[in-house]
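J.: For reference, the file run_12.txt (compact mmCIF, C-alpha atoms) is included below:
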```txt
# COMPACT_ATOMS: atom_id res chain seq x y z
CA MET A 808 5.39 -66.23 -95.09
CA ILE A 809 8.92 -66.43 -96.61
CA VAL A 810 9.74 -69.53 -94.54
CA ARG A 811 6.51 -71.19 -95.63
CA GLN A 812 7.41 -70.51 -99.28
CA PHE A 813 10.86 -71.94 -98.62
CA ILE A 814 9.37 -75.15 -97.21
CA SER A 815 7.15 -75.52 -100.26
CA TRP A 816 10.03 -74.86 -102.69
CA VAL A 817 12.67 -77.02 -100.99
CA ARG A 818 10.67 -80.21 -101.54
CA THR A 819 11.37 -80.22 -105.27
CA ALA A 820 14.60 -78.18 -105.63
CA PRO A 821 17.91 -79.81 -106.67
CA ALA A 822 20.29 -80.84 -103.85
CA SER A 823 22.86 -78.12 -104.55
CA GLU A 824 20.20 -75.41 -104.49
CA ARG A 825 18.66 -76.86 -101.34
CA ALA A 826 22.09 -76.73 -99.68
CA GLU A 827 22.60 -73.06 -100.56
CA ALA A 828 19.10 -72.16 -99.44
CA THR A 829 19.63 -74.03 -96.17
CA ARG A 830 22.90 -72.14 -95.61
CA SER A 831 21.05 -68.84 -96.09
CA LEU A 832 18.26 -69.87 -93.73
CA ALA A 833 20.78 -70.95 -91.05
CA ARG A 834 22.65 -67.65 -91.39
CA ALA A 835 19.35 -65.80 -91.09
CA TRP A 836 18.71 -67.65 -87.83
CA ILE A 837 22.09 -66.55 -86.48
CA PHE A 838 22.37 -63.01 -87.79
CA SER A 839 18.87 -61.71 -88.68
CA ASP A 840 16.36 -60.11 -86.34
CA LEU A 841 13.52 -62.56 -86.95
CA SER A 842 10.13 -62.21 -85.36
CA ASP A 843 9.03 -64.91 -82.96
CA ASP A 844 6.74 -66.44 -85.57
CA ASP A 845 9.41 -66.44 -88.26
CA ARG A 846 12.00 -67.85 -85.85
CA ALA A 847 9.66 -70.69 -84.89
CA ALA A 848 8.93 -71.40 -88.55
CA ALA A 849 12.65 -71.28 -89.44
CA GLU A 850 13.47 -73.72 -86.67
CA GLY A 851 10.78 -76.08 -87.93
CA ALA A 852 12.19 -75.88 -91.45
CA LEU A 853 15.72 -76.54 -90.24
CA LEU A 854 14.57 -79.52 -88.18
CA MET A 855 12.79 -80.87 -91.25
CA LEU A 856 15.99 -80.48 -93.30
CA LEU A 857 17.82 -82.78 -90.88
CA ASP A 858 16.00 -85.58 -92.72
CA ASP A 859 17.06 -84.38 -96.17
CA ALA A 860 18.36 -87.20 -98.34
CA SER A 861 21.42 -85.21 -99.44
CA PRO A 862 24.31 -84.73 -96.99
CA LEU A 863 25.09 -81.46 -98.78
CA VAL A 864 22.10 -79.88 -97.07
CA ARG A 865 23.17 -80.97 -93.59
CA GLN A 866 26.79 -80.04 -94.33
CA ALA A 867 25.70 -76.50 -95.14
CA MET A 868 23.77 -76.33 -91.88
CA ALA A 869 26.71 -77.73 -89.89
CA GLN A 870 29.17 -75.23 -91.38
CA VAL A 871 27.03 -72.31 -90.23
CA PHE A 872 26.08 -73.66 -86.80
CA ALA A 873 29.43 -75.28 -85.86
CA ARG A 874 30.87 -72.25 -84.06
CA ALA A 875 27.66 -70.42 -83.19
CA PRO A 876 26.67 -70.31 -79.50
CA SER A 877 23.18 -69.16 -80.52
CA ALA A 878 22.48 -72.12 -82.80
CA PRO A 879 19.46 -74.30 -81.98
CA PRO A 880 20.78 -76.92 -79.46
CA ALA A 881 18.54 -79.71 -80.76
CA ILE A 882 19.82 -79.22 -84.29
CA VAL A 883 23.45 -79.10 -83.20
CA GLN A 884 22.96 -82.30 -81.21
CA ALA A 885 21.48 -84.03 -84.27
CA LEU A 886 24.29 -82.81 -86.52
CA SER A 887 26.94 -84.07 -84.07
CA VAL A 888 25.80 -87.69 -84.54
CA ASP A 889 25.32 -87.46 -88.31
CA GLN A 890 27.74 -88.98 -90.80
CA PRO A 891 31.34 -87.70 -90.49
CA CYS A 892 31.21 -85.28 -93.41
CA VAL A 893 28.44 -83.47 -91.52
CA SER A 894 29.43 -83.93 -87.89
CA LEU A 895 33.18 -83.17 -87.94
CA PRO A 896 33.00 -79.35 -87.83
CA VAL A 897 30.36 -79.52 -85.10
CA LEU A 898 32.37 -81.94 -82.99
CA GLU A 899 35.51 -79.86 -83.35
CA HIS A 900 34.03 -76.41 -82.70
CA SER A 901 30.51 -76.29 -81.28
CA PRO A 902 30.31 -74.73 -77.80
CA LEU A 903 26.86 -76.26 -77.32
CA LEU A 904 28.05 -79.84 -76.89
CA ILE A 905 28.46 -80.81 -73.24
CA ASP A 906 31.24 -83.00 -71.89
CA ALA A 907 28.96 -86.04 -71.62
CA ASP A 908 28.07 -85.76 -75.33
CA LEU A 909 31.72 -85.64 -76.31
CA VAL A 910 32.76 -88.51 -74.05
CA ASP A 911 30.03 -90.63 -75.63
CA ILE A 912 31.27 -89.70 -79.12
CA VAL A 913 34.80 -90.69 -78.17
CA ALA A 914 33.59 -94.01 -76.75
CA THR A 915 31.37 -94.95 -79.71
CA GLY A 916 32.84 -93.07 -82.67
CA ASN A 917 35.59 -93.96 -85.10
CA SER A 918 39.08 -92.49 -85.23
CA GLU A 919 38.02 -89.58 -87.44
CA LEU A 920 35.40 -88.46 -84.94
CA GLN A 921 37.78 -88.92 -82.01
CA CYS A 922 40.36 -86.74 -83.78
CA ALA A 923 37.80 -83.97 -84.26
CA VAL A 924 37.02 -83.99 -80.53
CA ALA A 925 40.74 -84.06 -79.67
CA ARG A 926 41.28 -80.82 -81.64
CA ARG A 927 38.74 -78.82 -79.61
CA ILE A 928 39.79 -75.70 -77.73
CA ASN A 929 39.73 -75.87 -73.91
CA LEU A 930 39.46 -79.64 -73.74
CA PRO A 931 38.77 -80.62 -70.09
CA ILE A 932 40.32 -83.47 -68.13
CA SER A 933 37.34 -85.81 -68.50
CA ILE A 934 37.35 -85.76 -72.30
CA CYS A 935 41.14 -86.04 -72.44
CA ALA A 936 40.90 -89.06 -70.16
CA ALA A 937 38.35 -90.69 -72.48
CA ILE A 938 40.58 -90.17 -75.52
CA ALA A 939 43.61 -91.49 -73.63
CA GLU A 940 41.64 -94.56 -72.53
CA VAL A 941 39.86 -95.62 -75.74
CA GLY A 942 40.97 -93.23 -78.47
CA SER A 943 42.94 -94.29 -81.51
CA ALA A 944 46.63 -93.51 -81.92
CA ALA A 945 45.73 -90.70 -84.34
CA ALA A 946 43.38 -89.17 -81.76
CA ALA A 947 46.06 -89.46 -79.08
CA LEU A 948 48.49 -87.63 -81.36
CA GLU A 949 45.95 -84.85 -81.95
CA LEU A 950 45.49 -84.62 -78.18
CA ILE A 951 49.23 -84.37 -77.53
CA GLU A 952 49.60 -81.61 -80.11
CA ASN A 953 46.58 -79.66 -78.81
CA PRO A 954 47.94 -76.81 -76.64
CA TYR A 955 44.49 -76.33 -75.07
CA ALA A 956 44.10 -79.90 -73.83
CA GLU A 957 44.23 -80.45 -70.07
CA LEU A 958 45.71 -83.87 -69.40
CA ALA A 959 46.08 -85.42 -65.97
CA GLN A 960 49.11 -87.55 -65.11
CA PHE A 961 47.12 -90.78 -65.47
CA SER A 962 46.09 -89.77 -69.00
CA TRP A 963 49.71 -89.26 -70.04
CA ASP A 964 50.57 -92.64 -68.56
CA ARG A 965 47.69 -94.32 -70.36
CA ILE A 966 48.75 -92.89 -73.73
CA VAL A 967 52.28 -94.16 -73.14
CA GLU A 968 50.95 -97.58 -72.16
CA ARG A 969 48.68 -97.89 -75.21
CA HIS A 970 50.64 -96.06 -77.92
CA GLY A 971 54.16 -95.50 -76.58
CA HIS A 972 55.59 -98.03 -79.04
CA LEU A 973 54.74 -95.71 -81.95
CA ALA A 974 57.51 -93.33 -83.00
CA ALA A 975 55.15 -90.45 -83.86
CA ILE A 976 53.59 -90.55 -80.39
CA ARG A 977 56.98 -90.66 -78.65
CA GLU A 978 58.43 -87.82 -80.70
CA ALA A 979 55.41 -85.59 -80.15
CA MET A 980 55.43 -86.20 -76.39
CA LEU A 981 59.18 -85.82 -75.95
CA ALA A 982 59.03 -82.49 -77.79
CA LEU A 983 56.85 -81.07 -74.99
CA GLY A 984 58.83 -78.99 -72.55
CA ASP A 985 56.42 -79.52 -69.66
CA LEU A 986 56.01 -83.28 -69.99
CA PRO A 987 56.15 -84.88 -66.51
CA ALA A 988 59.46 -86.58 -65.77
CA THR A 989 57.80 -89.90 -64.95
CA THR A 990 56.00 -89.88 -68.31
CA ARG A 991 59.23 -89.01 -70.12
CA LEU A 992 60.90 -91.94 -68.37
CA ALA A 993 58.06 -94.29 -69.31
CA LEU A 994 58.45 -93.25 -72.95
CA VAL A 995 62.16 -94.02 -72.85
CA ALA A 996 61.35 -97.41 -71.34
CA LYS A 997 58.92 -98.11 -74.19
CA LEU A 998 61.56 -97.18 -76.74
CA SER A 999 64.14 -99.36 -74.99
CA GLU A 1000 61.74 -102.29 -74.93
CA THR A 1001 60.88 -101.86 -78.62
CA LEU A 1002 64.54 -101.67 -79.69
CA THR A 1003 65.49 -104.66 -77.54
CA ARG A 1004 62.82 -106.84 -79.13
CA PHE A 1005 63.87 -105.66 -82.59
CA VAL A 1006 67.59 -106.46 -82.27
CA VAL A 1007 66.89 -109.82 -80.62
CA ALA A 1008 64.40 -110.75 -83.35
CA ARG A 1009 67.05 -109.90 -85.97
CA ASN A 1010 69.63 -112.01 -84.13
CA TRP A 1011 71.94 -109.01 -83.97
CA LEU A 1012 72.44 -109.50 -80.23
CA SER A 1013 71.73 -112.25 -77.75
CA PRO A 1014 68.78 -111.58 -75.42
CA ASP A 1015 71.06 -111.21 -72.37
CA ARG A 1016 73.42 -108.75 -74.06
CA ALA A 1017 70.56 -106.75 -75.58
CA GLU A 1018 68.88 -106.52 -72.19
CA ARG A 1019 72.11 -105.37 -70.50
CA ILE A 1020 72.72 -102.68 -73.13
CA ALA A 1021 69.12 -101.54 -72.80
CA ASP A 1022 69.43 -101.36 -69.00
CA GLU A 1023 72.57 -99.23 -69.29
CA ALA A 1024 70.91 -96.91 -71.80
CA MET A 1025 67.88 -96.68 -69.54
CA ALA A 1026 70.07 -95.71 -66.58
CA ARG A 1027 71.78 -92.97 -68.62
CA SER A 1028 68.40 -91.65 -69.74
CA THR A 1029 67.11 -91.69 -66.18
CA VAL A 1030 70.00 -89.54 -64.95
CA ASN A 1031 69.48 -87.24 -67.93
CA ILE A 1032 65.77 -86.80 -67.17
CA ALA A 1033 66.46 -86.35 -63.46
CA SER A 1034 68.97 -83.59 -64.21
CA ARG A 1035 66.04 -81.43 -65.37
CA SER A 1036 63.74 -82.30 -62.48
CA ARG A 1037 63.32 -80.31 -59.29
CA GLY A 1038 61.23 -80.37 -56.13
CA ASP A 1039 58.01 -82.37 -56.32
CA GLU A 1040 58.82 -83.63 -59.80
CA MET A 1041 62.08 -85.12 -58.55
CA ARG A 1042 60.30 -86.75 -55.60
CA ASP A 1043 57.66 -88.19 -57.91
CA LEU A 1044 60.32 -89.47 -60.28
CA VAL A 1045 62.31 -91.22 -57.54
CA HIS A 1046 59.14 -92.73 -56.07
CA HIS A 1047 58.20 -93.98 -59.53
CA LEU A 1048 61.65 -95.52 -59.94
CA ARG A 1049 61.33 -97.32 -56.62
CA GLU A 1050 57.85 -98.63 -57.42
CA ALA A 1051 59.09 -99.86 -60.80
CA GLY A 1052 62.10 -101.59 -59.24
CA GLN A 1053 64.51 -99.29 -61.08
CA LEU A 1054 66.02 -97.50 -58.08
CA THR A 1055 69.05 -99.79 -58.06
CA VAL A 1056 72.50 -99.46 -56.53
CA GLY A 1057 73.92 -99.00 -60.02
CA LEU A 1058 71.59 -96.10 -60.78
CA ILE A 1059 72.24 -94.40 -57.43
CA LEU A 1060 76.00 -94.75 -57.87
CA ARG A 1061 75.76 -93.48 -61.45
CA ALA A 1062 73.85 -90.43 -60.24
CA LEU A 1063 76.56 -89.63 -57.70
CA LEU A 1064 79.41 -90.19 -60.17
CA SER A 1065 77.60 -87.96 -62.70
CA GLY A 1066 77.33 -85.10 -60.23
CA ASN A 1067 73.55 -85.39 -59.92
CA LEU A 1068 73.46 -84.87 -56.16
CA ASP A 1069 69.74 -84.04 -56.21
CA LEU A 1070 68.90 -87.50 -57.55
CA PHE A 1071 71.40 -89.14 -55.18
CA ASP A 1072 70.00 -87.32 -52.12
CA GLN A 1073 66.37 -87.95 -53.06
CA ALA A 1074 67.07 -91.64 -53.64
CA LEU A 1075 68.46 -91.93 -50.11
CA VAL A 1076 65.48 -89.98 -48.75
CA GLU A 1077 63.09 -92.36 -50.51
CA LEU A 1078 64.91 -95.51 -49.38
CA SER A 1079 65.79 -94.47 -45.84
CA GLY A 1080 62.62 -92.59 -44.88
CA LEU A 1081 64.71 -89.82 -43.29
CA PRO A 1082 63.96 -86.11 -43.82
CA GLN A 1083 65.62 -84.33 -46.72
CA SER A 1084 67.61 -82.03 -44.43
CA ARG A 1085 69.01 -84.94 -42.41
CA VAL A 1086 70.08 -86.86 -45.49
CA ALA A 1087 71.68 -83.75 -47.01
CA ALA A 1088 73.71 -83.14 -43.85
CA LEU A 1089 75.00 -86.71 -43.72
CA VAL A 1090 75.84 -86.72 -47.42
CA TYR A 1091 77.63 -83.40 -47.13
CA ASP A 1092 79.92 -84.81 -44.45
CA GLY A 1093 80.56 -87.83 -46.66
CA VAL A 1094 82.64 -89.82 -44.16
CA GLY A 1095 82.39 -91.81 -40.97
CA ALA A 1096 79.98 -94.15 -39.31
CA ALA A 1097 77.06 -91.76 -39.82
CA LEU A 1098 77.27 -92.16 -43.60
CA ASN A 1099 77.50 -95.94 -43.25
CA ALA A 1100 74.41 -95.87 -41.05
CA LEU A 1101 72.55 -93.84 -43.67
CA LEU A 1102 73.49 -96.25 -46.45
CA ALA A 1103 72.52 -99.21 -44.28
CA ARG A 1104 69.18 -97.64 -43.44
CA ALA A 1105 68.61 -97.17 -47.17
CA ASP A 1106 69.13 -100.96 -47.44
CA LEU A 1107 72.12 -100.64 -49.78
CA PRO A 1108 74.58 -103.58 -49.76
CA GLU A 1109 77.44 -103.11 -47.32
CA SER A 1110 79.92 -104.12 -50.03
CA THR A 1111 79.06 -100.89 -51.88
CA PHE A 1112 79.79 -98.57 -48.95
CA PRO A 1113 83.47 -98.04 -49.91
CA ALA A 1114 82.41 -96.94 -53.40
CA PHE A 1115 79.96 -94.36 -52.06
CA ARG A 1116 82.46 -93.08 -49.50
CA ALA A 1117 85.17 -92.79 -52.15
CA ALA A 1118 82.79 -91.01 -54.54
CA LEU A 1119 81.79 -88.47 -51.89
CA ALA A 1120 85.43 -87.92 -50.93
CA ALA A 1121 86.32 -87.38 -54.59
CA ARG A 1122 83.43 -84.96 -54.91
CA ASN A 1123 84.78 -82.88 -52.03
CA GLU A 1124 88.28 -82.93 -53.52
CA ILE A 1125 87.58 -82.63 -57.25
CA GLY A 1126 84.12 -81.05 -57.41
CA PHE A 1127 82.01 -80.60 -60.53
CA ILE A 1128 82.97 -77.09 -61.62
CA GLY A 1129 83.76 -76.98 -65.31
CA SER A 1130 82.69 -80.58 -65.89
CA VAL A 1131 81.16 -81.51 -69.21
CA GLY A 1132 77.47 -82.26 -69.69
CA GLY A 1133 75.96 -80.86 -66.51
CA ALA A 1134 74.70 -83.51 -64.08
CA VAL A 1135 74.31 -86.10 -66.83
CA ARG A 1136 77.61 -87.68 -67.86
CA LEU A 1137 79.87 -89.79 -65.69
CA ARG A 1138 82.93 -87.89 -64.41
CA ARG A 1139 86.02 -89.77 -65.54
CA ARG A 1140 88.31 -88.61 -62.72
CA MET A 1141 85.74 -89.51 -60.08
CA VAL A 1142 85.05 -92.93 -61.61
CA GLU A 1143 88.73 -93.75 -61.83
CA ARG A 1144 89.30 -92.61 -58.24
CA VAL A 1145 86.48 -94.80 -56.95
CA LEU A 1146 87.61 -97.75 -59.07
CA THR A 1147 91.14 -97.47 -57.67
CA VAL A 1148 89.84 -97.44 -54.09
CA CYS A 1149 87.55 -100.41 -54.65
CA GLU A 1150 90.17 -102.49 -56.45
CA THR A 1151 92.36 -102.30 -53.34
CA ASP A 1152 89.51 -103.14 -50.97
CA GLU A 1153 89.10 -106.88 -50.50
CA ALA A 1154 85.51 -106.40 -49.35
CA THR A 1155 84.44 -105.04 -52.74
CA SER A 1156 82.26 -107.49 -54.62
CA GLU A 1157 83.05 -108.61 -58.14
CA PRO A 1158 79.75 -107.31 -59.62
CA LEU A 1159 80.54 -103.83 -58.25
CA LEU A 1160 84.03 -103.91 -59.78
CA ILE A 1161 82.53 -104.96 -63.13
CA LEU A 1162 80.06 -102.09 -62.92
CA LEU A 1163 82.79 -99.56 -62.07
CA ARG A 1164 84.95 -100.79 -64.95
CA ARG A 1165 82.03 -100.29 -67.30
CA PHE A 1166 81.59 -96.80 -65.87
CA ALA A 1167 85.29 -96.13 -66.46
CA THR A 1168 85.08 -97.25 -70.07
CA GLU A 1169 81.91 -95.24 -70.67
CA SER A 1170 83.31 -92.07 -69.09
CA ALA A 1171 86.59 -92.34 -71.03
CA ARG A 1172 84.78 -92.79 -74.34
CA GLU A 1173 82.42 -89.92 -73.56
CA GLU A 1174 85.29 -87.62 -72.64
CA ALA A 1175 87.10 -88.51 -75.86
CA ARG A 1176 83.94 -87.92 -77.88
CA VAL A 1177 83.43 -84.48 -76.35
CA PHE A 1178 87.11 -83.62 -76.89
CA CYS A 1179 86.94 -84.57 -80.57
CA ASP A 1180 83.70 -82.62 -81.04
CA GLU A 1181 85.33 -79.53 -79.56
CA LEU A 1182 88.35 -79.91 -81.86
CA ALA A 1183 86.05 -80.24 -84.87
CA GLU A 1184 84.10 -77.13 -83.85
CA GLN A 1185 87.32 -75.16 -83.42
CA ALA A 1186 88.54 -76.29 -86.85
CA ASN A 1187 85.25 -75.29 -88.46
CA ALA A 1188 85.34 -71.90 -86.75
CA ARG A 1189 88.93 -71.34 -87.92
CA ASP A 1190 88.03 -72.29 -91.51
CA GLU A 1191 85.06 -69.92 -91.47
CA TYR A 1192 87.22 -67.11 -90.11
CA GLN A 1193 89.87 -67.67 -92.78
CA LEU A 1194 87.19 -67.74 -95.48
CA ILE A 1195 85.74 -64.44 -94.26
CA ALA A 1196 89.20 -62.86 -93.92
CA ALA A 1197 90.10 -63.89 -97.45
```
For the structure just supplied, provide its representation as structure tokens.

T.:
Amino acid sequence: MIVRQFISWVRTAPASERAEATRSLARAWIFSDLSDDDRAAAEGALLMLLDDASPLVRQAMAQVFARAPSAPPAIVQALSVDQPCVSLPVLEHSPLLIDADLVDIVATGNSELQCAVARRINLPISICAAIAEVGSAAAALELIENPYAELAQFSWDRIVERHGHLAAIREAMLALGDLPATTRLALVAKLSETLTRFVVARNWLSPDRAERIADEAMARSTVNIASRSRGDEMRDLVHHLREAGQLTVGLILRALLSGNLDLFDQALVELSGLPQSRVAALVYDGVGAALNALLARADLPESTFPAFRAALAARNEIGFIGSVGGAVRLRRRMVERVLTVCETDEATSEPLLILLRRFATESAREEARVFCDELAEQANARDEYQLIAA
């Protein structure tokens, strides 16, 4: 009887009053112990109100039903495809929407709707993949910042491919501690590409020089990323580098001269096809025909063999204990030792000597920078101590 009176009254009531009455009726559906007849009548009234001319009425209904698992499914489905002011809370929270519904919303909806879906809790791989594939940059950012989203590797890669040139996307992704190494590397490549185009367009650098500087920065970033990779992640990273044509002699030599033996070993495993244990044993020895055979099997130029032998010999003599920067920065003593050996070897190619000289300059500048930073920190600590003592 009450529902029938409501239906009669709602036809002529003002929009604001209709909205409040609709909110009360929706709450009664969720929380009240209605009889079967009253529940059927209430559902009919709510379905009728889906056609109300005022969005305030449907907004009120959506706010009540958005998080309710016991809401009428047909009504929730209708609200989810209403105008954004009505559908957003339903898209973001309703447990009654199935994955297919949400994928369709992502494919056909605007950025605002995609963002609402991207904020959902327990977002499965299929929906994440849809957002990564066709979602706006804003939706991708919401997805990245959603701790409940389950993204597959291909979804990360697709976001990088589509939106990696945007600073907000890069910063949000790089802030993630569990971001796959290959994705992190792809982001760095996007940044490098963007900066290269920018400086060339401004005529600050010639294209060749800008590209060389970008390649060097990319190599440093690669060693940095690899220094935090282990096991399968390292294998995936090295395989990615090879597929992308980035597993170069320069990168492999940089890894060795930086003390990143994991990256060096895995690169030889990838290129030679030999087991990890076999490569590790040959690298540990570091001398003789066996090492030359390993480098040859990895298809490295024979002219670089003296550099690798000298680097491994220097590693055995100097080691990496107490070195600055973990397995990231070039070791100045090792670089200078290798450069000295190669400069006296007539078989060393000129490009390799140029590369080693660049390594020597880079390592010297880095060592000086670290030394000056340490002096500044000591001076600051001394000043603070004197201030406290005074």

J.: What does the distance between CA of Arg965 in chain A and CA of Ser933 in chain A come to in Å, to one decimal place?

T.: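 Atom-to-atom, CA of Arg965 in chain A to CA of Ser933 in chain A, that is 13.5 Å.
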
J.: Restricting the calculation to all atoms listed in the file, which member of A:Ala847, A:Leu863, A:Ala959, A:Ala982 is positioned closest to Arg830 in chain A?

T.: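 For Arg830 in chain A, the nearest of the given residues is A:Leu863.
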
J.: What separation in Å, quoted to one decimal, exists between CA of Ser943 in chain A and CA of Arg926 in chain A?

T.: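 Rounded to one decimal, the two atoms are 13.6 Å apart.
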
J.: Between CA of Ser839 in chain A and CA of Val893 in chain A, what is the distance, to one decimal in Å?

T.: 23.9 Å

J.: Once you count all atoms listed in the file, which residues end up no further than 10 Å from (51.0, -94.1, -68.7) in the file's frame, shown as a PDB file with C-alpha atoms, keeping the file's coordinate frame?

T.:
```pdb
ATOM      1  CA  ALA A 939      43.610 -91.490 -73.630  1.00  0.00           C
ATOM      2  CA  GLN A 960      49.110 -87.550 -65.110  1.00  0.00           C
ATOM      3  CA  PHE A 961      47.120 -90.780 -65.470  1.00  0.00           C
ATOM      4  CA  SER A 962      46.090 -89.770 -69.000  1.00  0.00           C
ATOM      5  CA  TRP A 963      49.710 -89.260 -70.040  1.00  0.00           C
ATOM      6  CA  ASP A 964      50.570 -92.640 -68.560  1.00  0.00           C
ATOM      7  CA  ARG A 965      47.690 -94.320 -70.360  1.00  0.00           C
ATOM      8  CA  ILE A 966      48.750 -92.890 -73.730  1.00  0.00           C
ATOM      9  CA  VAL A 967      52.280 -94.160 -73.140  1.00  0.00           C
ATOM     10  CA  GLU A 968      50.950 -97.580 -72.160  1.00  0.00           C
ATOM     11  CA  ARG A 969      48.680 -97.890 -75.210  1.00  0.00           C
ATOM     12  CA  HIS A 970      50.640 -96.060 -77.920  1.00  0.00           C
ATOM     13  CA  GLY A 971      54.160 -95.500 -76.580  1.00  0.00           C
ATOM     14  CA  THR A 989      57.800 -89.900 -64.950  1.00  0.00           C
ATOM     15  CA  THR A 990      56.000 -89.880 -68.310  1.00  0.00           C
ATOM     16  CA  ARG A 991      59.230 -89.010 -70.120  1.00  0.00           C
ATOM     17  CA  ALA A 993      58.060 -94.290 -69.310  1.00  0.00           C
ATOM     18  CA  LEU A 994      58.450 -93.250 -72.950  1.00  0.00           C
TER      19      LEU A 994
END
```
